[in-house]
$ cat final.cif   # mmCIF, C-alpha atoms and all ligand atoms
data_entry
#
loop_
_atom_site.label_atom_id
_atom_site.label_comp_id
_atom_site.auth_asym_id
_atom_site.auth_seq_id
_atom_site.Cartn_x
_atom_site.Cartn_y
_atom_site.Cartn_z
CA MET A 260 -6.75 1.00 21.71
CA ASN A 261 -4.81 0.60 24.93
CA LEU A 262 -2.20 3.28 25.34
CA THR A 263 0.66 1.65 27.08
CA LYS A 264 3.01 4.04 28.80
CA ARG A 265 5.73 3.33 26.29
CA ARG A 266 3.54 4.02 23.25
CA PHE A 267 2.17 7.15 24.83
CA LEU A 268 5.70 8.44 25.41
CA GLN A 269 6.51 7.72 21.78
CA ALA A 270 3.52 9.79 20.72
CA LEU A 271 4.74 12.68 22.81
CA ILE A 272 8.19 12.47 21.28
CA ALA A 273 6.70 12.40 17.77
CA LEU A 274 4.42 15.37 18.42
CA PRO A 275 6.80 18.31 17.84
CA PHE A 276 8.00 16.81 14.57
CA GLY A 277 4.45 16.10 13.45
CA LEU A 278 3.39 19.64 14.15
CA ARG A 279 6.41 21.10 12.41
CA GLU A 280 5.58 19.04 9.32
CA ALA A 281 1.93 20.01 9.53
CA SER A 282 2.76 23.71 9.59
CA ALA A 283 5.20 23.23 6.73
CA GLN A 284 2.24 21.91 4.73
CA GLY A 285 0.27 25.03 5.53
CA LEU A 286 -2.15 23.59 8.10
CA THR A 287 -3.60 26.62 9.85
CA GLY A 288 -6.45 27.91 12.04
CA ASP A 289 -9.18 25.48 13.11
CA ARG A 290 -7.71 22.66 11.14
CA LEU A 291 -4.38 22.98 12.89
CA ASN A 292 -6.14 23.12 16.28
CA SER A 293 -8.14 20.09 15.41
CA PHE A 294 -5.05 18.28 14.18
CA THR A 295 -3.16 19.27 17.30
CA ARG A 296 -5.90 17.76 19.43
CA ALA A 297 -5.86 14.62 17.36
CA MET A 298 -2.09 14.41 17.57
CA GLY A 299 -2.34 14.93 21.31
CA ARG A 300 -3.39 11.33 21.66
CA PHE A 301 -1.82 8.42 19.90
CA GLN A 302 -3.03 7.51 16.41
CA ASP A 303 -5.98 5.15 16.25
CA LEU A 304 -4.30 2.91 13.70
CA ARG A 305 -0.72 2.72 12.45
CA LEU A 306 -0.12 0.81 9.24
CA CYS A 307 3.42 0.16 8.01
CA PHE A 308 4.03 -1.30 4.57
CA GLY A 309 6.63 -2.04 1.93
CA SER A 310 7.44 -4.10 -1.14
CA CYS A 311 10.29 -5.56 -3.18
CA ASN A 312 12.30 -7.63 -0.73
CA TYR A 313 15.13 -9.70 -2.08
CA GLN A 314 15.48 -12.57 0.43
CA ASN A 315 19.24 -12.92 -0.18
CA HIS A 316 19.92 -9.31 0.81
CA SER A 317 20.40 -8.20 4.42
CA GLN A 318 17.19 -8.43 6.46
CA ASP A 319 18.53 -6.29 9.32
CA TYR A 320 16.13 -3.49 8.40
CA TRP A 321 13.23 -5.22 10.20
CA LYS A 322 14.59 -3.88 13.49
CA ARG A 323 14.20 -0.33 12.12
CA ILE A 324 10.58 -0.90 11.01
CA ALA A 325 9.77 -2.62 14.32
CA LYS A 326 10.65 0.62 16.11
CA GLN A 327 7.52 2.21 14.63
CA LYS A 328 5.39 -0.13 16.76
CA GLY A 329 2.85 -0.45 13.98
CA ASP A 330 -0.48 -2.24 14.41
CA LEU A 331 -0.33 -3.72 10.90
CA TRP A 332 2.30 -4.67 8.35
CA PHE A 333 1.18 -4.98 4.70
CA TRP A 334 3.30 -6.63 2.02
CA LEU A 335 2.67 -4.92 -1.32
CA GLY A 336 4.26 -7.51 -3.59
CA ASP A 337 7.63 -8.93 -4.63
CA ASN A 338 7.61 -10.08 -1.01
CA ILE A 339 10.34 -12.45 -2.09
CA TYR A 340 11.98 -12.88 -5.48
CA GLY A 341 10.87 -16.36 -6.50
CA ASP A 342 11.55 -16.13 -10.24
CA THR A 343 11.18 -19.81 -10.94
CA ARG A 344 8.90 -22.45 -12.44
CA ASP A 345 10.15 -24.95 -9.86
CA VAL A 346 7.73 -24.81 -6.93
CA ASN A 347 10.27 -26.45 -4.61
CA ILE A 348 12.62 -23.54 -5.24
CA LEU A 349 9.78 -21.07 -4.64
CA ASP A 350 8.97 -22.84 -1.36
CA ALA A 351 12.65 -22.81 -0.29
CA LYS A 352 12.88 -19.05 -0.95
CA TYR A 353 9.82 -18.39 1.23
CA ARG A 354 11.35 -20.55 3.95
CA LYS A 355 14.59 -18.59 3.74
CA GLN A 356 12.65 -15.36 4.30
CA LEU A 357 10.79 -16.92 7.22
CA SER A 358 14.06 -17.90 8.89
CA SER A 359 15.41 -14.32 8.65
CA PRO A 360 14.95 -11.48 11.23
CA TYR A 361 11.49 -11.04 9.63
CA SER A 362 10.30 -14.02 11.73
CA GLN A 363 10.91 -12.02 14.93
CA PHE A 364 9.27 -8.89 13.46
CA LYS A 365 6.07 -10.68 12.49
CA GLU A 366 5.58 -12.01 16.03
CA ASN A 367 4.73 -8.50 17.24
CA ILE A 368 2.50 -7.22 14.45
CA GLU A 369 -0.46 -8.35 12.38
CA VAL A 370 0.53 -9.18 8.80
CA ASP A 371 -1.48 -9.05 5.58
CA GLY A 372 -0.66 -8.46 1.94
CA ILE A 373 -0.83 -9.18 -1.73
CA TRP A 374 1.62 -10.49 -4.31
CA ASP A 375 3.26 -9.12 -7.44
CA ASP A 376 5.02 -10.84 -10.33
CA HIS A 377 8.27 -12.03 -8.72
CA ASP A 378 6.63 -13.79 -5.76
CA PHE A 379 3.68 -14.96 -7.87
CA GLY A 380 6.26 -16.73 -10.04
CA GLU A 381 8.50 -14.77 -12.34
CA ASP A 382 9.26 -11.36 -13.84
CA GLY A 383 6.16 -9.98 -15.58
CA ALA A 384 4.18 -13.17 -14.74
CA ASN A 385 0.49 -13.29 -15.71
CA SER A 386 -2.33 -15.83 -15.98
CA SER A 387 -0.13 -18.04 -18.16
CA TYR A 388 2.17 -18.87 -15.22
CA PRO A 389 1.80 -22.65 -14.86
CA HIS A 390 1.88 -23.05 -11.05
CA LYS A 391 -0.71 -20.47 -9.95
CA GLU A 392 -2.47 -22.74 -7.46
CA ILE A 393 0.62 -23.96 -5.64
CA SER A 394 2.04 -20.44 -5.66
CA GLN A 395 -1.20 -19.19 -4.07
CA LYS A 396 -0.90 -21.77 -1.29
CA LEU A 397 2.74 -20.82 -0.61
CA HIS A 398 1.85 -17.10 -0.56
CA LEU A 399 -1.03 -17.64 1.89
CA ASP A 400 1.13 -19.87 4.09
CA PHE A 401 3.80 -17.15 4.11
CA LEU A 402 1.25 -14.54 5.22
CA GLY A 403 -0.09 -16.92 7.87
CA VAL A 404 -3.63 -16.89 6.42
CA ALA A 405 -5.96 -19.25 8.34
CA SER A 406 -6.64 -22.69 6.85
CA ASP A 407 -10.41 -21.98 6.72
CA SER A 408 -10.05 -18.54 5.06
CA PRO A 409 -12.14 -18.04 1.87
CA ARG A 410 -8.87 -16.91 0.27
CA ARG A 411 -7.78 -20.57 0.38
CA ALA A 412 -10.82 -21.70 -1.60
CA GLN A 413 -10.87 -19.10 -4.39
CA LYS A 414 -8.70 -18.49 -7.43
CA GLY A 415 -6.50 -15.46 -6.83
CA VAL A 416 -5.54 -13.72 -3.58
CA TYR A 417 -7.80 -10.63 -3.69
CA HIS A 418 -9.62 -9.84 -0.46
CA THR A 419 -10.82 -7.04 1.78
CA ARG A 420 -10.04 -6.22 5.36
CA GLU A 421 -11.73 -3.81 7.74
CA GLU A 422 -10.21 -1.91 10.64
CA LEU A 423 -11.46 0.56 13.29
CA ASN A 424 -14.85 -1.14 13.53
CA GLY A 425 -15.39 -0.93 9.79
CA ALA A 426 -14.43 2.75 9.45
CA VAL A 427 -11.46 1.78 7.26
CA LYS A 428 -11.78 -0.77 4.45
CA PHE A 429 -8.78 -2.09 2.53
CA TYR A 430 -9.25 -3.70 -0.91
CA PHE A 431 -6.29 -5.92 -1.82
CA LEU A 432 -6.31 -6.31 -5.59
CA ASP A 433 -4.71 -9.26 -7.41
CA THR A 434 -3.15 -7.91 -10.60
CA ARG A 435 -1.39 -11.19 -11.50
CA TYR A 436 -3.60 -14.29 -11.33
CA PHE A 437 -6.00 -13.17 -14.07
CA GLN A 438 -3.77 -10.84 -16.07
CA SER A 439 -4.00 -11.57 -19.79
CA GLU A 440 -0.91 -12.07 -21.93
CA GLU A 441 -2.06 -9.16 -24.10
CA LYS A 442 -1.84 -5.75 -22.48
CA GLY A 443 -4.63 -3.28 -23.07
CA SER A 444 -7.56 -5.69 -23.32
CA SER A 445 -10.67 -5.07 -21.25
CA ASN A 446 -10.82 -7.35 -18.16
CA GLY A 447 -7.18 -8.12 -18.89
CA LEU A 448 -5.91 -7.04 -15.50
CA LEU A 449 -8.38 -8.09 -12.78
CA GLY A 450 -10.54 -10.54 -14.74
CA PRO A 451 -14.39 -10.73 -14.71
CA GLN A 452 -14.66 -12.71 -11.48
CA GLN A 453 -12.53 -10.28 -9.47
CA TRP A 454 -14.37 -7.30 -10.99
CA ASN A 455 -17.73 -8.73 -9.86
CA TRP A 456 -16.39 -9.29 -6.37
CA LEU A 457 -14.83 -5.81 -6.26
CA GLU A 458 -17.97 -4.04 -7.40
CA ASN A 459 -20.03 -5.87 -4.75
CA GLU A 460 -17.51 -4.96 -2.05
CA MET A 461 -17.59 -1.32 -3.14
CA ALA A 462 -21.39 -1.25 -3.30
CA GLU A 463 -21.67 -2.69 0.21
CA SER A 464 -19.02 -0.47 1.76
CA THR A 465 -20.07 1.68 4.69
CA ALA A 466 -16.46 2.64 5.45
CA LYS A 467 -15.44 6.27 5.83
CA ILE A 468 -12.06 5.42 4.34
CA ASN A 469 -11.67 3.11 1.32
CA VAL A 470 -8.10 2.11 0.49
CA PHE A 471 -7.23 0.33 -2.77
CA ILE A 472 -4.05 -1.69 -2.57
CA THR A 473 -2.51 -2.55 -5.90
CA PRO A 474 1.06 -3.77 -6.39
CA ILE A 475 1.47 -1.92 -9.69
CA GLY A 476 1.08 1.87 -10.06
CA MET A 477 -2.46 3.19 -10.41
CA LEU A 478 -2.73 6.91 -10.97
CA LEU A 479 0.16 7.92 -13.21
CA ASN A 480 0.94 7.12 -16.79
CA ARG A 481 3.47 4.46 -17.56
CA LEU A 482 7.08 5.17 -16.60
CA PHE A 483 9.38 3.48 -19.17
CA VAL A 484 9.95 -0.19 -18.19
CA THR A 485 7.48 -0.42 -15.31
CA GLU A 486 4.02 -2.00 -15.25
CA ASP A 487 1.01 0.21 -14.53
CA TRP A 488 -2.78 0.32 -14.69
CA ALA A 489 -2.21 2.78 -17.55
CA GLU A 490 -1.46 -0.26 -19.74
CA PHE A 491 -5.09 -1.31 -19.18
CA PRO A 492 -6.77 2.08 -19.65
CA GLU A 493 -10.34 0.72 -19.66
CA GLU A 494 -9.81 -0.96 -16.30
CA LYS A 495 -8.17 2.09 -14.78
CA GLU A 496 -11.15 4.18 -15.91
CA ARG A 497 -13.52 1.51 -14.59
CA LEU A 498 -12.02 1.50 -11.09
CA LEU A 499 -12.14 5.29 -10.81
CA SER A 500 -15.70 5.33 -12.22
CA LEU A 501 -16.80 2.82 -9.58
CA VAL A 502 -15.34 5.01 -6.83
CA GLU A 503 -17.52 7.75 -8.30
CA LYS A 504 -20.60 5.55 -8.87
CA TYR A 505 -20.69 4.37 -5.25
CA ASN A 506 -19.53 7.76 -4.02
CA LEU A 507 -16.90 6.08 -1.90
CA SER A 508 -15.70 8.20 0.94
CA GLY A 509 -11.99 8.72 1.68
CA ALA A 510 -10.71 6.76 -1.32
CA PHE A 511 -6.97 6.54 -1.97
CA PHE A 512 -4.43 4.12 -3.42
CA MET A 513 -1.35 2.28 -2.22
CA SER A 514 1.23 0.69 -4.52
CA GLY A 515 4.73 -0.79 -4.68
CA ASP A 516 6.77 -2.31 -7.53
CA LYS A 517 8.93 0.56 -8.74
CA HIS A 518 11.98 0.40 -6.45
CA PHE A 519 11.63 3.93 -5.08
CA GLY A 520 9.07 5.65 -2.84
CA SER A 521 6.73 8.42 -3.88
CA LEU A 522 3.74 10.45 -2.70
CA ILE A 523 1.57 10.95 -5.77
CA LYS A 524 -1.27 13.38 -6.49
CA ARG A 525 -3.38 13.31 -9.65
CA GLY A 526 -6.39 15.42 -10.61
CA TRP A 527 -9.44 13.47 -11.87
CA GLU A 528 -13.06 14.19 -12.72
CA ARG A 529 -15.42 13.01 -9.99
CA ASN A 530 -19.18 13.48 -10.13
CA GLY A 531 -18.67 16.33 -12.57
CA SER A 532 -15.99 18.21 -10.70
CA LYS A 533 -12.25 17.87 -10.56
CA VAL A 534 -10.82 16.26 -7.43
CA ASP A 535 -7.34 15.18 -6.43
CA TYR A 536 -6.62 11.51 -5.93
CA PHE A 537 -3.62 10.36 -3.94
CA GLU A 538 -1.41 7.32 -4.13
CA PHE A 539 1.25 6.25 -1.65
CA GLN A 540 3.96 4.21 -3.30
CA SER A 541 6.61 2.44 -1.23
CA SER A 542 8.94 0.06 -2.97
CA GLY A 543 12.45 -1.16 -2.44
CA LEU A 544 12.97 -2.69 1.01
CA THR A 545 16.27 -4.19 -0.10
CA HIS A 546 17.17 -2.50 -3.40
CA VAL A 547 16.42 0.62 -5.42
CA ALA A 548 16.17 1.68 -9.05
CA PRO A 549 19.51 2.11 -10.87
CA LYS A 550 21.14 5.53 -10.69
CA THR A 551 20.74 5.97 -14.45
CA GLN A 552 16.96 6.31 -13.88
CA LEU A 553 17.22 8.99 -11.16
CA LYS A 554 16.83 11.99 -13.42
CA VAL A 555 13.75 10.68 -15.19
CA VAL A 556 12.12 9.51 -11.95
CA LYS A 557 12.66 12.84 -10.23
CA LYS A 558 11.29 14.72 -13.21
CA PHE A 559 8.26 12.45 -13.61
CA TYR A 560 7.33 12.11 -9.92
CA GLY A 561 8.66 15.40 -8.56
CA LYS A 562 11.87 15.62 -6.57
CA ARG A 563 10.09 16.70 -3.40
CA ASN A 564 7.67 13.77 -3.59
CA THR A 565 10.21 11.01 -4.04
CA ILE A 566 12.82 9.07 -2.08
CA ILE A 567 15.13 7.01 -4.26
CA GLU A 568 16.65 5.08 -1.38
CA LYS A 569 15.53 1.85 0.27
CA ASN A 570 12.30 2.75 2.03
CA PHE A 571 9.08 1.77 3.81
CA GLY A 572 5.76 3.57 4.24
CA GLN A 573 3.64 4.39 7.26
CA ILE A 574 0.06 5.65 7.47
CA ASP A 575 -1.34 6.92 10.75
CA PHE A 576 -5.12 7.23 10.98
CA TYR A 577 -6.63 9.58 13.55
CA ARG A 578 -10.33 9.65 14.32
CA GLU A 579 -11.98 12.43 16.24
CA GLY A 580 -15.76 12.02 16.23
CA ASP A 581 -16.75 12.16 12.57
CA HIS A 582 -13.44 13.72 11.57
CA PHE A 583 -10.58 11.76 10.13
CA PHE A 584 -6.98 12.77 9.71
CA MET A 585 -4.26 10.80 8.09
CA VAL A 586 -0.51 11.25 8.16
CA TRP A 587 1.62 9.60 5.48
CA SER A 588 5.31 9.12 6.20
CA LEU A 589 7.76 7.70 3.72
CA PHE A 590 10.93 6.65 5.58
CA SER A 591 14.31 6.04 4.02
CA LEU A 592 16.06 2.91 5.29
CA GLU A 593 19.41 4.41 4.29
CA SER A 594 19.31 7.91 5.78
CA HIS A 595 17.19 10.08 8.06
CA ARG A 596 15.11 11.30 5.14
CA ARG A 597 11.38 11.26 5.75
CA LEU A 598 8.62 12.71 3.59
CA THR A 599 5.37 13.54 5.38
CA ARG A 600 1.92 14.59 4.19
CA VAL A 601 -1.06 15.43 6.34
CA PHE A 602 -4.61 14.90 5.04
CA TYR A 603 -8.06 15.54 6.42
CA LEU A 604 -11.34 14.08 5.21
CA ASP A 605 -13.83 16.75 4.20
CA ARG A 606 -17.65 16.56 4.46
CA ASP A 607 -17.90 15.06 0.99
CA GLY A 608 -15.53 12.28 1.97
CA ILE A 609 -12.70 13.60 -0.19
CA TRP A 610 -9.16 13.76 1.11
CA GLN A 611 -7.66 17.22 1.19
CA ARG A 612 -4.16 18.30 1.87
CA PRO A 613 -4.41 21.27 4.21
FE FE A 701 10.26 -5.52 -7.37
#
$ encode --input "final.cif" --output "structure tokens"
Amino acid sequence: MNLTKRRFLQALIALPFGLREASAQGLTGDRLNSFTRAMGRFQDLRLCFGSCNYQNHSQDYWKRIAKQKGDLWFWLGDNIYGDTRDVNILDAKYRKQLSSPYSQFKENIEVDGIWDDHDFGEDGANSSYPHKEISQKLHLDFLGVASDSPRRAQKGVYHTREELNGAVKFYFLDTRYFQSEEKGSSNGLLGPQQWNWLENEMAESTAKINVFITPIGMLLNRLFVTEDWAEFPEEKERLLSLVEKYNLSGAFFMSGDKHFGSLIKRGWERNGSKVDYFEFQSSGLTHVAPKTQLKVVKKFYGKRNTIIEKNFGQIDFYREGDHFFMVWSLFSLESHRRLTRVFYLDRDGIWQRP
């Protein structure tokens, strides 16, 4: 990556804060030295992401996210609120978003993403939504996906993407197109076709870091009205078992949907021993969960792991030989609040918080 003078200066400015956060997380000794060296140069990849964007609300926040000078922007669903069975209305809402300050933002960054219910069609939409194919075309047009992309020829918008010469692999999962009307059934979330594809992609992966992007929450149990993998327990178990079966290195999850941001940790059995899995949830670019839910959310997710303000996420990847570090930052769009976590990838390919 070319370090322009401006970006290099930004890295220097960020350094003291990064180190302060790292020490607050207990990073010490060799690891701290190693991290310091890694922080001494600019990150190898900066990914910014968010979800839940109501196109009628102010879009001024794009200027704030643009300041991060990210390499990538990922939409994690509810990219607009379509909420219609009239495809002309859906199209008009996408066009409204594309004529907002977002159009300027996307000129300077590479964009990718996935959909959730509201942009797929309507609240809680599943495979019974009648305009799946047209909705898929509008979604891919919105993301600027090439006309010859395989995503244009398949059913559903699942896909993978590799960065840093294949060291990082992102799996974008479609939890809408194939979702059954009945919750709980096996294959009811991803569908057989997407499962086959996913297992092949996992089996073939040579990436050091494998990132699963799912609009709805993955690791935790269901939180009152929200949608989660927990409603399809067999599929949740299946995904985690496949991570184990293919011994995927550096696995973690990203999600949106819930209208607050959270850094989530959950213990799980892996190859006979207990490991921690992590999920980075950023949701609510233009609106947040109602105040009446604050208490429950803070209790369920942990006050120190949660920002219940409009927010976006950022993941910085640092590579130093065979070593990988990752810094997660959850930024409020309403205040100066920022939650940070530092991770390093151990020899077994499992993320550890120092
Ligand atoms: Fe939403």
$ residues_near_ligand --input "final.cif" --ligand "ligand FE 701 (chain A)" --cutoff "9 Å" --atoms "only C-alpha atoms and all ligand atoms" --output "PDB file with C-alpha atoms, in the coordinates of the input"
ATOM      1  CA  SER A 310       7.440  -4.100  -1.140  1.00  0.00           C
ATOM      2  CA  CYS A 311      10.290  -5.560  -3.180  1.00  0.00           C
ATOM      3  CA  ASN A 312      12.300  -7.630  -0.730  1.00  0.00           C
ATOM      4  CA  TYR A 313      15.130  -9.700  -2.080  1.00  0.00           C
ATOM      5  CA  GLY A 336       4.260  -7.510  -3.590  1.00  0.00           C
ATOM      6  CA  ASP A 337       7.630  -8.930  -4.630  1.00  0.00           C
ATOM      7  CA  ASN A 338       7.610 -10.080  -1.010  1.00  0.00           C
ATOM      8  CA  ILE A 339      10.340 -12.450  -2.090  1.00  0.00           C
ATOM      9  CA  TYR A 340      11.980 -12.880  -5.480  1.00  0.00           C
ATOM     10  CA  ASP A 375       3.260  -9.120  -7.440  1.00  0.00           C
ATOM     11  CA  ASP A 376       5.020 -10.840 -10.330  1.00  0.00           C
ATOM     12  CA  HIS A 377       8.270 -12.030  -8.720  1.00  0.00           C
ATOM     13  CA  ASP A 382       9.260 -11.360 -13.840  1.00  0.00           C
ATOM     14  CA  GLY A 515       4.730  -0.790  -4.680  1.00  0.00           C
ATOM     15  CA  ASP A 516       6.770  -2.310  -7.530  1.00  0.00           C
ATOM     16  CA  LYS A 517       8.930   0.560  -8.740  1.00  0.00           C
ATOM     17  CA  HIS A 518      11.980   0.400  -6.450  1.00  0.00           C
ATOM     18  CA  SER A 542       8.940   0.060  -2.970  1.00  0.00           C
ATOM     19  CA  GLY A 543      12.450  -1.160  -2.440  1.00  0.00           C
ATOM     20  CA  HIS A 546      17.170  -2.500  -3.400  1.00  0.00           C
ATOM     21  CA  VAL A 547      16.420   0.620  -5.420  1.00  0.00           C
TER      22      VAL A 547
END
$ atom_distance --input "final.cif" --atom1 "CA of Leu498 in chain A" --atom2 "CA of Ala405 in chain A"
29.1 Å
$ atom_distance --input "final.cif" --atom1 "CA of Asn506 in chain A" --atom2 "CA of Asn530 in chain A"
8.4 Å
$ closest_residue --input "final.cif" --among "A:Pro389, A:Gly531, A:Gly403, A:Pro409" --to "Arg344 in chain A" --atoms "all atoms listed in the file"
A:Pro389
$ residues_around --input "final.cif" --residues "Leu397 in chain A" --least-positions-apart "4" --cutoff "7 Å" --atoms "all atoms listed in the file" --output "list in words"
Asp350, Ile393 and Phe401 of chain A
$ residues_around --input "final.cif" --residues "Gln395 in chain A" --least-positions-apart "4" --cutoff "12 Å" --atoms "all atoms listed in the file" --output "PyMOL selection string"
chain A and resi 346+349-350+373-375+378-380+388-391+399-402+404+410-417+433+435-436
$ closest_residue --input "final.cif" --among "A:His316, A:Asn459, A:Trp334, A:Thr434" --to "Ser359 in chain A" --atoms "only C-alpha atoms"
A:His316
$ residues_near_point --input "final.cif" --point "(10.5, -6.6, 14.3)" --cutoff "9 Å" --atoms "only C-alpha atoms" --output "PyMOL selection string"
chain A and resi 320-326+328+360-368
$ write_last_selection --input "final.cif" --atoms "C-alpha atoms" --output "PDB file, in the frame of the given file"
ATOM      1  CA  TYR A 320      16.130  -3.490   8.400  1.00  0.00           C
ATOM      2  CA  TRP A 321      13.230  -5.220  10.200  1.00  0.00           C
ATOM      3  CA  LYS A 322      14.590  -3.880  13.490  1.00  0.00           C
ATOM      4  CA  ARG A 323      14.200  -0.330  12.120  1.00  0.00           C
ATOM      5  CA  ILE A 324      10.580  -0.900  11.010  1.00  0.00           C
ATOM      6  CA  ALA A 325       9.770  -2.620  14.320  1.00  0.00           C
ATOM      7  CA  LYS A 326      10.650   0.620  16.110  1.00  0.00           C
ATOM      8  CA  LYS A 328       5.390  -0.130  16.760  1.00  0.00           C
ATOM      9  CA  PRO A 360      14.950 -11.480  11.230  1.00  0.00           C
ATOM     10  CA  TYR A 361      11.490 -11.040   9.630  1.00  0.00           C
ATOM     11  CA  SER A 362      10.300 -14.020  11.730  1.00  0.00           C
ATOM     12  CA  GLN A 363      10.910 -12.020  14.930  1.00  0.00           C
ATOM     13  CA  PHE A 364       9.270  -8.890  13.460  1.00  0.00           C
ATOM     14  CA  LYS A 365       6.070 -10.680  12.490  1.00  0.00           C
ATOM     15  CA  GLU A 366       5.580 -12.010  16.030  1.00  0.00           C
ATOM     16  CA  ASN A 367       4.730  -8.500  17.240  1.00  0.00           C
ATOM     17  CA  ILE A 368       2.500  -7.220  14.450  1.00  0.00           C
TER      18      ILE A 368
END
$ atom_distance --input "final.cif" --atom1 "CA of Phe491 in chain A" --atom2 "CA of Tyr536 in chain A"
18.5 Å
$ residues_near_point --input "final.cif" --point "(-6.8, -3.1, -18.7)" --cutoff "8 Å" --atoms "only C-alpha atoms" --output "JSON, numbers by chain"
{"A": [442, 443, 444, 445, 446, 447, 448, 449, 488, 489, 490, 491, 492, 493, 494, 495]}
$ closest_residue --input "final.cif" --among "A:Gln302, A:Thr485, A:Ser514, A:Ser521" --to "Gly372 in chain A" --atoms "all atoms listed in the file"
A:Ser514
$ closest_residue --input "final.cif" --among "A:Lys467, A:Gly309, A:Leu501, A:His595" --to "Met513 in chain A" --atoms "only C-alpha atoms"
A:Gly309
$ closest_residue --input "final.cif" --among "A:Met585, A:Leu604, A:Leu592, A:Ile468" --to "Phe519 in chain A" --atoms "all atoms listed in the file"
A:Leu592
$ decode --input "final.cif" --residues "range 363-378 of chain A" --atoms "N, CA and C atoms" --output "CSV table (one decimal), in the first residue's frame"
chain,number,residue,atom,x,y,z
A,363,GLN,N,-20.9,11.1,-3.1
A,363,GLN,CA,-19.5,11.7,-3.0
A,363,GLN,C,-18.6,10.7,-2.3
A,364,PHE,N,-19.1,10.2,-1.1
A,364,PHE,CA,-18.3,9.3,-0.3
A,364,PHE,C,-17.9,8.1,-1.1
A,365,LYS,N,-18.8,7.5,-1.9
A,365,LYS,CA,-18.4,6.2,-2.6
A,365,LYS,C,-17.5,6.4,-3.7
A,366,GLU,N,-17.2,7.7,-4.1
A,366,GLU,CA,-16.2,7.9,-5.2
A,366,GLU,C,-14.8,7.6,-4.7
A,367,ASN,N,-14.6,7.7,-3.4
A,367,ASN,CA,-13.2,7.6,-2.8
A,367,ASN,C,-13.0,6.4,-2.1
A,368,ILE,N,-13.8,5.4,-2.2
A,368,ILE,CA,-13.7,4.1,-1.4
A,368,ILE,C,-14.3,3.0,-2.2
A,369,GLU,N,-13.8,1.8,-2.0
A,369,GLU,CA,-14.4,0.6,-2.6
A,369,GLU,C,-15.5,0.1,-1.8
A,370,VAL,N,-16.7,-0.2,-2.4
A,370,VAL,CA,-17.9,-0.5,-1.7
A,370,VAL,C,-18.3,-2.0,-2.0
A,371,ASP,N,-18.7,-2.7,-0.9
A,371,ASP,CA,-19.3,-4.0,-1.1
A,371,ASP,C,-20.4,-4.1,0.0
A,372,GLY,N,-21.0,-5.3,0.0
A,372,GLY,CA,-22.1,-5.4,1.0
A,372,GLY,C,-23.0,-6.5,0.8
A,373,ILE,N,-24.0,-6.5,1.7
A,373,ILE,CA,-25.1,-7.6,1.7
A,373,ILE,C,-26.4,-6.9,2.1
A,374,TRP,N,-27.5,-7.5,1.9
A,374,TRP,CA,-28.7,-6.9,2.3
A,374,TRP,C,-29.3,-7.5,3.6
A,375,ASP,N,-30.3,-6.8,4.1
A,375,ASP,CA,-31.2,-7.4,5.2
A,375,ASP,C,-32.6,-7.2,4.8
A,376,ASP,N,-33.5,-7.4,5.7
A,376,ASP,CA,-34.9,-7.5,5.3
A,376,ASP,C,-35.5,-6.2,4.7
A,377,HIS,N,-35.2,-5.0,5.3
A,377,HIS,CA,-35.8,-3.8,4.8
A,377,HIS,C,-35.4,-3.4,3.4
A,378,ASP,N,-34.2,-3.7,3.0
A,378,ASP,CA,-33.7,-3.4,1.6
A,378,ASP,C,-34.0,-4.5,0.7
